[in-house]
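**Student:** For reference, this is start-v3.pdb, and it has PDB, C-alpha atoms and all ligand atoms.
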ATOM      1  CA  MET A 154      90.569 115.593  89.999
ATOM      2  CA  ARG A 155      89.680 112.785  92.378
ATOM      3  CA  VAL A 156      88.845 113.852  95.922
ATOM      4  CA  PRO A 157      90.726 111.587  98.352
ATOM      5  CA  ILE A 158      88.551 109.485 100.613
ATOM      6  CA  VAL A 159      89.417 107.991 103.986
ATOM      7  CA  ALA A 160      86.972 105.590 105.621
ATOM      8  CA  GLY A 161      87.052 104.021 109.065
ATOM      9  CA  ASN A 162      85.817 100.449 109.361
ATOM     10  CA  TRP A 163      84.866 100.015 113.017
ATOM     11  CA  LYS A 164      84.102  96.312 112.465
ATOM     12  CA  MET A 165      82.394  94.581 115.427
ATOM     13  CA  HIS A 166      83.614  97.116 117.968
ATOM     14  CA  MET A 167      81.844  99.788 120.012
ATOM     15  CA  THR A 168      78.692  99.543 122.058
ATOM     16  CA  SER A 169      76.406 102.580 121.782
ATOM     17  CA  GLY A 170      78.069 104.722 124.426
ATOM     18  CA  GLU A 171      81.533 103.844 123.147
ATOM     19  CA  ALA A 172      80.534 104.598 119.573
ATOM     20  CA  GLU A 173      79.187 107.990 120.538
ATOM     21  CA  GLN A 174      82.413 108.777 122.375
ATOM     22  CA  LEU A 175      84.537 107.649 119.424
ATOM     23  CA  ALA A 176      82.557 109.742 116.947
ATOM     24  CA  ARG A 177      82.889 112.797 119.211
ATOM     25  CA  GLY A 178      86.598 112.096 119.628
ATOM     26  CA  ILE A 179      87.129 111.941 115.859
ATOM     27  CA  LEU A 180      85.266 115.225 115.340
ATOM     28  CA  ASP A 181      87.379 116.866 118.049
ATOM     29  CA  SER A 182      90.654 115.494 116.676
ATOM     30  CA  LEU A 183      89.818 116.614 113.147
ATOM     31  CA  ASP A 184      89.088 120.037 114.483
ATOM     32  CA  GLY A 185      87.062 121.107 111.445
ATOM     33  CA  THR A 186      89.957 120.613 109.025
ATOM     34  CA  VAL A 187      88.334 118.157 106.660
ATOM     35  CA  ARG A 188      89.471 118.773 103.115
ATOM     36  CA  VAL A 189      89.040 115.186 101.963
ATOM     37  CA  GLU A 190      85.981 112.966 102.123
ATOM     38  CA  VAL A 191      85.819 111.184 105.486
ATOM     39  CA  VAL A 192      83.473 108.308 106.257
ATOM     40  CA  VAL A 193      82.932 106.320 109.428
ATOM     41  CA  CYS A 194      81.404 102.857 109.213
ATOM     42  CA  PRO A 195      80.122 101.660 112.588
ATOM     43  CA  ALA A 196      78.139  98.500 113.345
ATOM     44  CA  PHE A 197      74.463  98.498 112.300
ATOM     45  CA  THR A 198      73.320  98.819 115.921
ATOM     46  CA  VAL A 199      74.897 102.244 116.404
ATOM     47  CA  LEU A 200      74.404 103.850 112.988
ATOM     48  CA  GLU A 201      71.624 106.160 114.101
ATOM     49  CA  ARG A 202      73.406 107.176 117.263
ATOM     50  CA  VAL A 203      76.593 108.009 115.390
ATOM     51  CA  ARG A 204      74.602 109.904 112.758
ATOM     52  CA  LYS A 205      73.220 112.155 115.510
ATOM     53  CA  VAL A 206      76.732 112.871 116.777
ATOM     54  CA  LEU A 207      77.995 113.666 113.268
ATOM     55  CA  GLY A 208      75.079 116.080 112.839
ATOM     56  CA  ASP A 209      75.832 118.594 110.115
ATOM     57  CA  SER A 210      79.597 117.997 110.217
ATOM     58  CA  PRO A 211      81.230 117.048 106.885
ATOM     59  CA  LEU A 212      81.805 113.487 108.118
ATOM     60  CA  LYS A 213      79.727 110.872 106.349
ATOM     61  CA  LEU A 214      78.193 107.663 107.564
ATOM     62  CA  GLY A 215      78.678 104.219 106.043
ATOM     63  CA  ALA A 216      77.642 100.672 106.871
ATOM     64  CA  GLN A 217      79.730  97.521 106.718
ATOM     65  CA  ASN A 218      77.500  95.391 104.517
ATOM     66  CA  LEU A 219      74.005  94.964 103.104
ATOM     67  CA  HIS A 220      71.773  92.291 101.616
ATOM     68  CA  TRP A 221      70.709  92.623  97.992
ATOM     69  CA  ALA A 222      66.982  92.029  98.538
ATOM     70  CA  GLU A 223      64.740  94.995  99.300
ATOM     71  CA  GLU A 224      63.084  93.090 102.134
ATOM     72  CA  GLY A 225      62.026  89.579 103.020
ATOM     73  CA  ALA A 226      62.731  86.468 105.027
ATOM     74  CA  PHE A 227      66.488  86.950 105.453
ATOM     75  CA  THR A 228      67.052  86.655 109.174
ATOM     76  CA  GLY A 229      69.965  88.699 110.402
ATOM     77  CA  GLU A 230      70.346  90.732 107.230
ATOM     78  CA  VAL A 231      69.911  94.451 106.534
ATOM     79  CA  SER A 232      68.740  96.065 103.277
ATOM     80  CA  ALA A 233      69.969  99.137 101.418
ATOM     81  CA  GLY A 234      66.716 100.950 102.193
ATOM     82  CA  MET A 235      67.212 100.332 105.909
ATOM     83  CA  LEU A 236      70.712 101.799 105.730
ATOM     84  CA  LEU A 237      69.462 104.879 103.916
ATOM     85  CA  THR A 238      66.913 105.560 106.633
ATOM     86  CA  CYS A 239      69.719 105.379 109.213
ATOM     87  CA  GLY A 240      71.523 108.158 107.341
ATOM     88  CA  CYS A 241      74.111 106.073 105.479
ATOM     89  CA  GLU A 242      75.645 107.413 102.311
ATOM     90  CA  PHE A 243      78.298 104.698 101.889
ATOM     91  CA  VAL A 244      78.489 100.938 102.342
ATOM     92  CA  ILE A 245      81.508  98.633 102.499
ATOM     93  CA  LEU A 246      81.020  95.506 100.357
ATOM     94  CA  GLY A 247      82.994  92.300  99.964
ATOM     95  CA  HIS A 248      85.371  92.892 102.868
ATOM     96  CA  SER A 249      87.781  89.954 103.130
ATOM     97  CA  GLU A 250      86.405  89.121 106.602
ATOM     98  CA  ARG A 251      82.968  88.735 104.992
ATOM     99  CA  ARG A 252      84.448  86.600 102.220
ATOM    100  CA  THR A 253      86.487  84.461 104.632
ATOM    101  CA  TRP A 254      84.086  83.965 107.535
ATOM    102  CA  PHE A 255      80.637  84.416 106.023
ATOM    103  CA  GLY A 256      80.912  82.762 102.633
ATOM    104  CA  GLU A 257      80.599  85.854 100.479
ATOM    105  CA  SER A 258      81.595  85.201  96.904
ATOM    106  CA  ASP A 259      82.334  87.294  93.841
ATOM    107  CA  THR A 260      78.729  86.639  92.791
ATOM    108  CA  THR A 261      77.126  87.881  95.992
ATOM    109  CA  VAL A 262      79.441  90.898  96.079
ATOM    110  CA  ASN A 263      78.089  91.767  92.634
ATOM    111  CA  GLN A 264      74.489  91.347  93.848
ATOM    112  CA  ARG A 265      75.188  93.588  96.832
ATOM    113  CA  LEU A 266      76.934  96.169  94.678
ATOM    114  CA  ARG A 267      74.013  96.421  92.264
ATOM    115  CA  ALA A 268      71.524  96.665  95.141
ATOM    116  CA  ALA A 269      73.553  99.420  96.790
ATOM    117  CA  LEU A 270      73.786 101.430  93.582
ATOM    118  CA  GLY A 271      70.108 100.871  92.816
ATOM    119  CA  ALA A 272      69.232 102.392  96.180
ATOM    120  CA  GLY A 273      71.580 105.350  95.778
ATOM    121  CA  LEU A 274      74.266 104.235  98.240
ATOM    122  CA  LYS A 275      77.943 104.703  97.389
ATOM    123  CA  PRO A 276      79.772 101.378  97.559
ATOM    124  CA  ILE A 277      83.296 100.785  98.803
ATOM    125  CA  VAL A 278      84.118  97.467  97.118
ATOM    126  CA  CYS A 279      86.930  95.500  98.756
ATOM    127  CA  VAL A 280      89.302  93.291  96.807
ATOM    128  CA  GLY A 281      92.654  91.741  97.645
ATOM    129  CA  GLU A 282      94.792  88.634  97.533
ATOM    130  CA  THR A 283      95.807  86.178 100.244
ATOM    131  CA  ILE A 284      99.451  85.644 101.131
ATOM    132  CA  GLU A 285      99.479  82.337  99.218
ATOM    133  CA  GLU A 286      98.115  84.080  96.133
ATOM    134  CA  ARG A 287     100.747  86.824  96.382
ATOM    135  CA  GLN A 288     103.558  84.316  96.882
ATOM    136  CA  SER A 289     102.468  82.341  93.861
ATOM    137  CA  GLY A 290     102.431  85.477  91.706
ATOM    138  CA  ALA A 291      98.627  85.494  91.381
ATOM    139  CA  THR A 292      97.907  88.950  92.845
ATOM    140  CA  GLU A 293      97.048  90.629  89.567
ATOM    141  CA  PRO A 294      94.763  87.847  88.206
ATOM    142  CA  VAL A 295      92.980  87.464  91.563
ATOM    143  CA  VAL A 296      92.273  91.175  91.851
ATOM    144  CA  ARG A 297      91.270  91.330  88.191
ATOM    145  CA  ARG A 298      88.799  88.471  88.737
ATOM    146  CA  GLN A 299      87.314  90.138  91.826
ATOM    147  CA  VAL A 300      86.924  93.543  90.156
ATOM    148  CA  THR A 301      85.493  92.092  86.944
ATOM    149  CA  ALA A 302      82.955  89.984  88.826
ATOM    150  CA  ALA A 303      81.946  92.770  91.201
ATOM    151  CA  PHE A 304      81.185  95.206  88.359
ATOM    152  CA  LYS A 305      79.324  92.734  86.106
ATOM    153  CA  GLY A 306      76.206  94.489  84.790
ATOM    154  CA  VAL A 307      77.032  97.797  86.468
ATOM    155  CA  PRO A 308      76.628 100.737  84.050
ATOM    156  CA  ALA A 309      79.587 103.060  83.485
ATOM    157  CA  PRO A 310      78.194 106.162  85.276
ATOM    158  CA  ASP A 311      77.519 104.087  88.393
ATOM    159  CA  ALA A 312      80.940 102.439  88.251
ATOM    160  CA  ALA A 313      82.623 105.838  88.025
ATOM    161  CA  GLY A 314      81.083 106.844  91.361
ATOM    162  CA  CYS A 315      82.270 103.737  93.206
ATOM    163  CA  VAL A 316      85.249 103.368  95.499
ATOM    164  CA  VAL A 317      87.402 100.239  95.237
ATOM    165  CA  ALA A 318      89.494  99.365  98.283
ATOM    166  CA  TYR A 319      92.554  97.256  97.595
ATOM    167  CA  GLU A 320      93.135  95.360 100.806
ATOM    168  CA  PRO A 321      95.714  92.587 100.668
ATOM    169  CA  VAL A 322      94.304  89.986 103.057
ATOM    170  CA  TRP A 323      97.749  89.403 104.565
ATOM    171  CA  ALA A 324      97.953  93.059 105.610
ATOM    172  CA  ILE A 325      94.582  93.364 107.375
ATOM    173  CA  GLY A 326      94.943  93.624 111.118
ATOM    174  CA  THR A 327      98.376  91.985 110.985
ATOM    175  CA  GLY A 328     100.644  95.016 111.259
ATOM    176  CA  LEU A 329     102.089  94.087 107.852
ATOM    177  CA  THR A 330     101.579  96.768 105.233
ATOM    178  CA  ALA A 331     102.072  96.578 101.491
ATOM    179  CA  THR A 332     104.910  98.893 100.537
ATOM    180  CA  PRO A 333     103.763 102.018  98.701
ATOM    181  CA  SER A 334     105.137 100.621  95.448
ATOM    182  CA  GLN A 335     103.479  97.196  95.950
ATOM    183  CA  ALA A 336     100.161  98.910  96.677
ATOM    184  CA  ASP A 337     100.482 101.396  93.837
ATOM    185  CA  ALA A 338     101.250  98.627  91.344
ATOM    186  CA  VAL A 339      97.985  96.865  92.212
ATOM    187  CA  HIS A 340      96.065 100.154  92.126
ATOM    188  CA  THR A 341      97.429 100.840  88.652
ATOM    189  CA  SER A 342      96.315  97.393  87.546
ATOM    190  CA  ILE A 343      92.811  97.968  89.000
ATOM    191  CA  ARG A 344      92.569 101.198  87.003
ATOM    192  CA  ARG A 345      93.668  99.247  83.930
ATOM    193  CA  VAL A 346      90.913  96.685  84.510
ATOM    194  CA  MET A 347      88.334  99.491  84.870
ATOM    195  CA  ARG A 348      89.584 100.963  81.590
ATOM    196  CA  GLU A 349      89.149  97.591  79.877
ATOM    197  CA  LEU A 350      85.708  97.014  81.406
ATOM    198  CA  TYR A 351      84.495 100.563  80.734
ATOM    199  CA  ASN A 352      86.581 103.408  79.355
ATOM    200  CA  ASP A 353      89.242 105.926  80.241
ATOM    201  CA  ASN A 354      86.795 108.305  81.963
ATOM    202  CA  VAL A 355      85.621 105.634  84.384
ATOM    203  CA  ALA A 356      89.183 104.484  85.051
ATOM    204  CA  ARG A 357      90.216 108.039  85.890
ATOM    205  CA  ALA A 358      87.145 108.760  88.007
ATOM    206  CA  VAL A 359      86.964 105.671  90.212
ATOM    207  CA  ARG A 360      88.617 106.227  93.571
ATOM    208  CA  LEU A 361      90.988 103.551  94.838
ATOM    209  CA  GLN A 362      91.712 103.189  98.534
ATOM    210  CA  TYR A 363      94.477 101.156 100.087
ATOM    211  CA  GLY A 364      93.646  99.207 103.245
ATOM    212  CA  GLY A 365      95.786  97.016 105.469
ATOM    213  CA  SER A 366      97.473  98.214 108.658
ATOM    214  CA  VAL A 367      97.484 101.880 107.644
ATOM    215  CA  LYS A 368      98.807 104.015 110.494
ATOM    216  CA  PRO A 369      99.803 107.655 110.909
ATOM    217  CA  GLU A 370     103.433 106.593 110.318
ATOM    218  CA  ASN A 371     102.893 105.000 106.904
ATOM    219  CA  ALA A 372      99.814 106.857 105.590
ATOM    220  CA  ALA A 373     101.528 109.755 103.823
ATOM    221  CA  ASP A 374     103.925 107.513 101.873
ATOM    222  CA  LEU A 375     101.009 105.403 100.678
ATOM    223  CA  PHE A 376      98.681 108.303  99.870
ATOM    224  CA  ASN A 377     101.404 110.169  97.957
ATOM    225  CA  ARG A 378     101.328 107.514  95.249
ATOM    226  CA  PRO A 379      99.459 108.690  92.143
ATOM    227  CA  ASP A 380      96.936 105.856  91.997
ATOM    228  CA  ILE A 381      96.164 105.731  95.744
ATOM    229  CA  ASP A 382      93.240 108.011  96.582
ATOM    230  CA  GLY A 383      93.003 107.434 100.325
ATOM    231  CA  GLY A 384      92.530 104.524 102.672
ATOM    232  CA  LEU A 385      90.152 102.107 104.330
ATOM    233  CA  ILE A 386      91.260 102.008 107.923
ATOM    234  CA  GLY A 387      90.459  99.307 110.483
ATOM    235  CA  GLY A 388      92.333  99.282 113.790
ATOM    236  CA  ALA A 389      93.599 102.864 113.617
ATOM    237  CA  SER A 390      90.075 104.191 112.984
ATOM    238  CA  LEU A 391      89.208 103.299 116.590
ATOM    239  CA  GLU A 392      91.712 105.842 117.915
ATOM    240  CA  PRO A 393      90.578 109.417 117.217
ATOM    241  CA  ASP A 394      94.042 110.980 117.069
ATOM    242  CA  ALA A 395      95.454 108.245 114.844
ATOM    243  CA  PHE A 396      92.456 108.379 112.503
ATOM    244  CA  ALA A 397      92.638 112.174 112.303
ATOM    245  CA  ALA A 398      96.370 111.994 111.538
ATOM    246  CA  ILE A 399      95.654 109.547 108.702
ATOM    247  CA  VAL A 400      92.929 111.851 107.334
ATOM    248  CA  LYS A 401      95.370 114.766 107.412
ATOM    249  CA  ALA A 402      97.946 112.657 105.542
ATOM    250  CA  ALA A 403      95.407 112.307 102.713
ATOM    251  CA  VAL A 404      94.920 116.063 102.316
TER     252      VAL A 404
HETATM  253  C1  LIG B 501      90.136  96.679 107.321
HETATM  254  O1  LIG B 501      89.585  95.899 108.061
HETATM  255  O2  LIG B 501      89.530  97.106 106.328
HETATM  256  C2  LIG B 501      91.506  97.076 107.612
HETATM  257  C3  LIG B 501      92.199  97.653 106.690
HETATM  258  O3  LIG B 501      91.970  96.788 108.883
HETATM  259  P1  LIG B 501      93.387  97.249 109.516
HETATM  260  O4  LIG B 501      93.567  98.714 109.193
HETATM  261  O5  LIG B 501      93.224  97.005 110.985
HETATM  262  O6  LIG B 501      94.423  96.412 108.894
END
Please, can you express the file's structure as C-alpha cells?
Ligand code: PEP

**Tutor:**
Amino acid sequence: MRVPIVAGNWKMHMTSGEAEQLARGILDSLDGTVRVEVVVCPAFTVLERVRKVLGDSPLKLGAQNLHWAEEGAFTGEVSAGMLLTCGCEFVILGHSERRTWFGESDTTVNQRLRAALGAGLKPIVCVGETIEERQSGATEPVVRRQVTAAFKGVPAPDAAGCVVAYEPVWAIGTGLTATPSQADAVHTSIRRVMRELYNDNVARAVRLQYGGSVKPENAADLFNRPDIDGGLIGGASLEPDAFAAIVKAAV
C-alpha cells in the first residue's frame, strides 16, 4: 500500500520570521492528525529555522533544488550534502519553473536525481506538459520523455522510493486545475512508463503526486483517484488552514 504524500512548495516566499510563523501555523492547523506523509519545502535560507520549528513532529523537511556536484566552484548552488546537514529528507527536482526560467533540462534533472539518491535524499521529480503540448495531443509523449530521461541509470530499488509529481505547466499558479480524470490518465501513463523502464513492483511502489492549483475544494476529488497518491502544493501551502485541509483530504 502506498502512503499518500502531500508536499508544500513555498517557492521564493517567506523571510525567516514569516517562515517560522507559517511552519507553526501548519503544525497548529494539522493538530497532530497526520496520517499521511507531509513535507514542507521552504527556501534554502530558512531550512534550518523551519527544521527547529518542526522539531520532533511528523512533518518532514524538503528543499526546492540541488546541484549534482558534491562541492566546488558553482556559485549560487547548493549540494545534497548541504541539504542533509540542514535536516532535509526530501528535495524537489525539475520543477517547471526551474526548467522554464533557469534552463534545467531533462539531462540536468537526471544528474540532480542521481546526486540526490546517492546522498540518501528522497526526490520529488516534477514532470508536466505545457498548454501547447496538451493542445497538440503531446501530453503522453512529453511526460514519457521527461520520466524516461530523469530515471536514466537509476537502479530499480532507488526508483521505487522516488516520488513523481505530475504538474501540468498550464495549471501551476494559474487557478486552472486538471480534472481528476485528466490527471489520473497521465498518472496511469506514468506508472506504465515505470513498468516498462523497470518492473511491476517499481510501478506499484512509486508515489505519484498531482500538482497544479490544488485547493481544499478540489483536493479530495483528485486524491480519490486510484493512481493519485497526494499532491505537490504551491500557493495553498502558504496558508496553514488550506494546506491542512488538503492534507486531511489525502488521508
Ligand atoms: C507548484 O508550484 O508546484 C504548484 C503546484 O503551484 P500551485 O499549487 O500554486 O499551482

**Student:** Which residues form the shell of 6 Å around ligand LIG 501 (chain B) when you count only C-alpha atoms and all ligand atoms, given as a ChimeraX atom specification?

**Tutor:** /A:162,324-326,364-367,385-388

**Student:** Please compute the atom CA of Val339 of chain A-atom CA of Thr260 of chain A distance, one decimal, in Å.

**Tutor:**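 Between these atoms lies a distance of 21.8 Å.
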
**Student:** Measure the distance from atom CA of Gly290 of chain A to atom CA of Ala318 of chain A in Å and round it to one decimal.

**Tutor:**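 According to the coordinates, atom CA of Gly290 of chain A and atom CA of Ala318 of chain A are separated by 20.1 Å.
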
**Student:** Quick one: everything within 9 Å of Trp323 of chain A, counting only C-alpha atoms, minus sequence neighbours fewer than 4 positions away in the same chain. Send it as an MDAnalysis selection string.

**Tutor:** chainID A and resid 281:284 327 329:331 365

**Student:** Counting only C-alpha atoms, which residue out of A:Ser390, A:Thr238, A:Ser289, A:Asn354 sits closest to Lys368 of chain A?

**Tutor:**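 Of the candidates, the smallest distance to Lys368 of chain A is held by A:Ser390.
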
**Student:** Give me the residues of segment 209-304 of chain A that have any atom at most 12 Å from an atom of segment 163-168 of chain A; for each, the nearest atom pair and the distance in Å, rounded to one decimal. Use only C-alpha atoms, sort by chain and number, and format it as a tab-separated table.

**Tutor:**
residue	atom	partner	partner_atom	distance
A:Leu214	CA	A:Trp163	CA	11.5
A:Gly215	CA	A:Trp163	CA	10.2
A:Ala216	CA	A:Trp163	CA	9.5
A:Gln217	CA	A:Lys164	CA	7.3
A:Asn218	CA	A:Lys164	CA	10.4
A:Ile245	CA	A:Lys164	CA	10.6
A:His248	CA	A:Lys164	CA	10.3
A:Ser249	CA	A:Lys164	CA	11.9
A:Glu250	CA	A:Lys164	CA	9.6
A:Arg251	CA	A:Lys164	CA	10.7

**Student:** Need a file for segment 306-317 of chain A from that block: all heavy atoms, written as a compact mmCIF listing (two decimals), in the first residue's frame.

**Tutor:**
# COMPACT_ATOMS: atom_id res chain seq x y z
N GLY A 306 19.67 5.42 -15.77
CA GLY A 306 20.78 5.00 -14.90
C GLY A 306 20.41 4.88 -13.43
O GLY A 306 21.28 4.60 -12.60
N VAL A 307 19.16 5.06 -13.10
CA VAL A 307 18.74 4.94 -11.69
C VAL A 307 18.30 3.49 -11.44
O VAL A 307 17.41 2.99 -12.13
CB VAL A 307 17.56 5.91 -11.38
CG1 VAL A 307 17.02 5.67 -9.97
CG2 VAL A 307 18.01 7.36 -11.55
N PRO A 308 18.93 2.82 -10.47
CA PRO A 308 18.55 1.42 -10.21
C PRO A 308 17.13 1.28 -9.68
O PRO A 308 16.61 2.21 -9.04
CB PRO A 308 19.56 0.96 -9.14
CG PRO A 308 20.54 2.06 -8.97
CD PRO A 308 19.98 3.31 -9.59
N ALA A 309 16.54 0.11 -9.91
CA ALA A 309 15.13 -0.11 -9.55
C ALA A 309 14.82 0.19 -8.08
O ALA A 309 13.82 0.86 -7.79
CB ALA A 309 14.72 -1.54 -9.92
N PRO A 310 15.61 -0.28 -7.11
CA PRO A 310 15.22 -0.01 -5.71
C PRO A 310 15.18 1.48 -5.41
O PRO A 310 14.32 1.94 -4.64
CB PRO A 310 16.33 -0.71 -4.89
CG PRO A 310 16.97 -1.68 -5.83
CD PRO A 310 16.82 -1.11 -7.20
N ASP A 311 16.08 2.24 -6.00
CA ASP A 311 16.06 3.70 -5.80
C ASP A 311 14.83 4.32 -6.45
O ASP A 311 14.17 5.19 -5.88
CB ASP A 311 17.31 4.34 -6.41
CG ASP A 311 18.56 4.11 -5.57
OD1 ASP A 311 18.40 3.67 -4.42
OD2 ASP A 311 19.66 4.37 -6.07
N ALA A 312 14.53 3.86 -7.66
CA ALA A 312 13.38 4.42 -8.38
C ALA A 312 12.09 4.18 -7.61
O ALA A 312 11.21 5.05 -7.53
CB ALA A 312 13.28 3.81 -9.78
N ALA A 313 12.00 3.00 -6.98
CA ALA A 313 10.77 2.66 -6.25
C ALA A 313 10.52 3.62 -5.09
O ALA A 313 9.38 3.88 -4.71
CB ALA A 313 10.87 1.23 -5.73
N GLY A 314 11.59 4.20 -4.54
CA GLY A 314 11.44 5.10 -3.40
C GLY A 314 11.21 6.55 -3.79
O GLY A 314 11.05 7.42 -2.92
N CYS A 315 11.19 6.82 -5.09
CA CYS A 315 11.02 8.21 -5.54
C CYS A 315 9.54 8.61 -5.58
O CYS A 315 8.65 7.78 -5.61
CB CYS A 315 11.59 8.38 -6.95
SG CYS A 315 13.38 8.36 -7.00
N VAL A 316 9.35 9.92 -5.61
CA VAL A 316 8.01 10.48 -5.83
C VAL A 316 8.09 11.20 -7.18
O VAL A 316 9.06 11.91 -7.45
CB VAL A 316 7.66 11.50 -4.72
CG1 VAL A 316 6.30 12.14 -4.98
CG2 VAL A 316 7.70 10.83 -3.34
N VAL A 317 7.09 11.00 -8.01
CA VAL A 317 7.00 11.76 -9.26
C VAL A 317 5.78 12.67 -9.15
O VAL A 317 4.69 12.21 -8.80
CB VAL A 317 6.87 10.85 -10.50
CG1 VAL A 317 6.71 11.68 -11.77
CG2 VAL A 317 8.09 9.93 -10.62
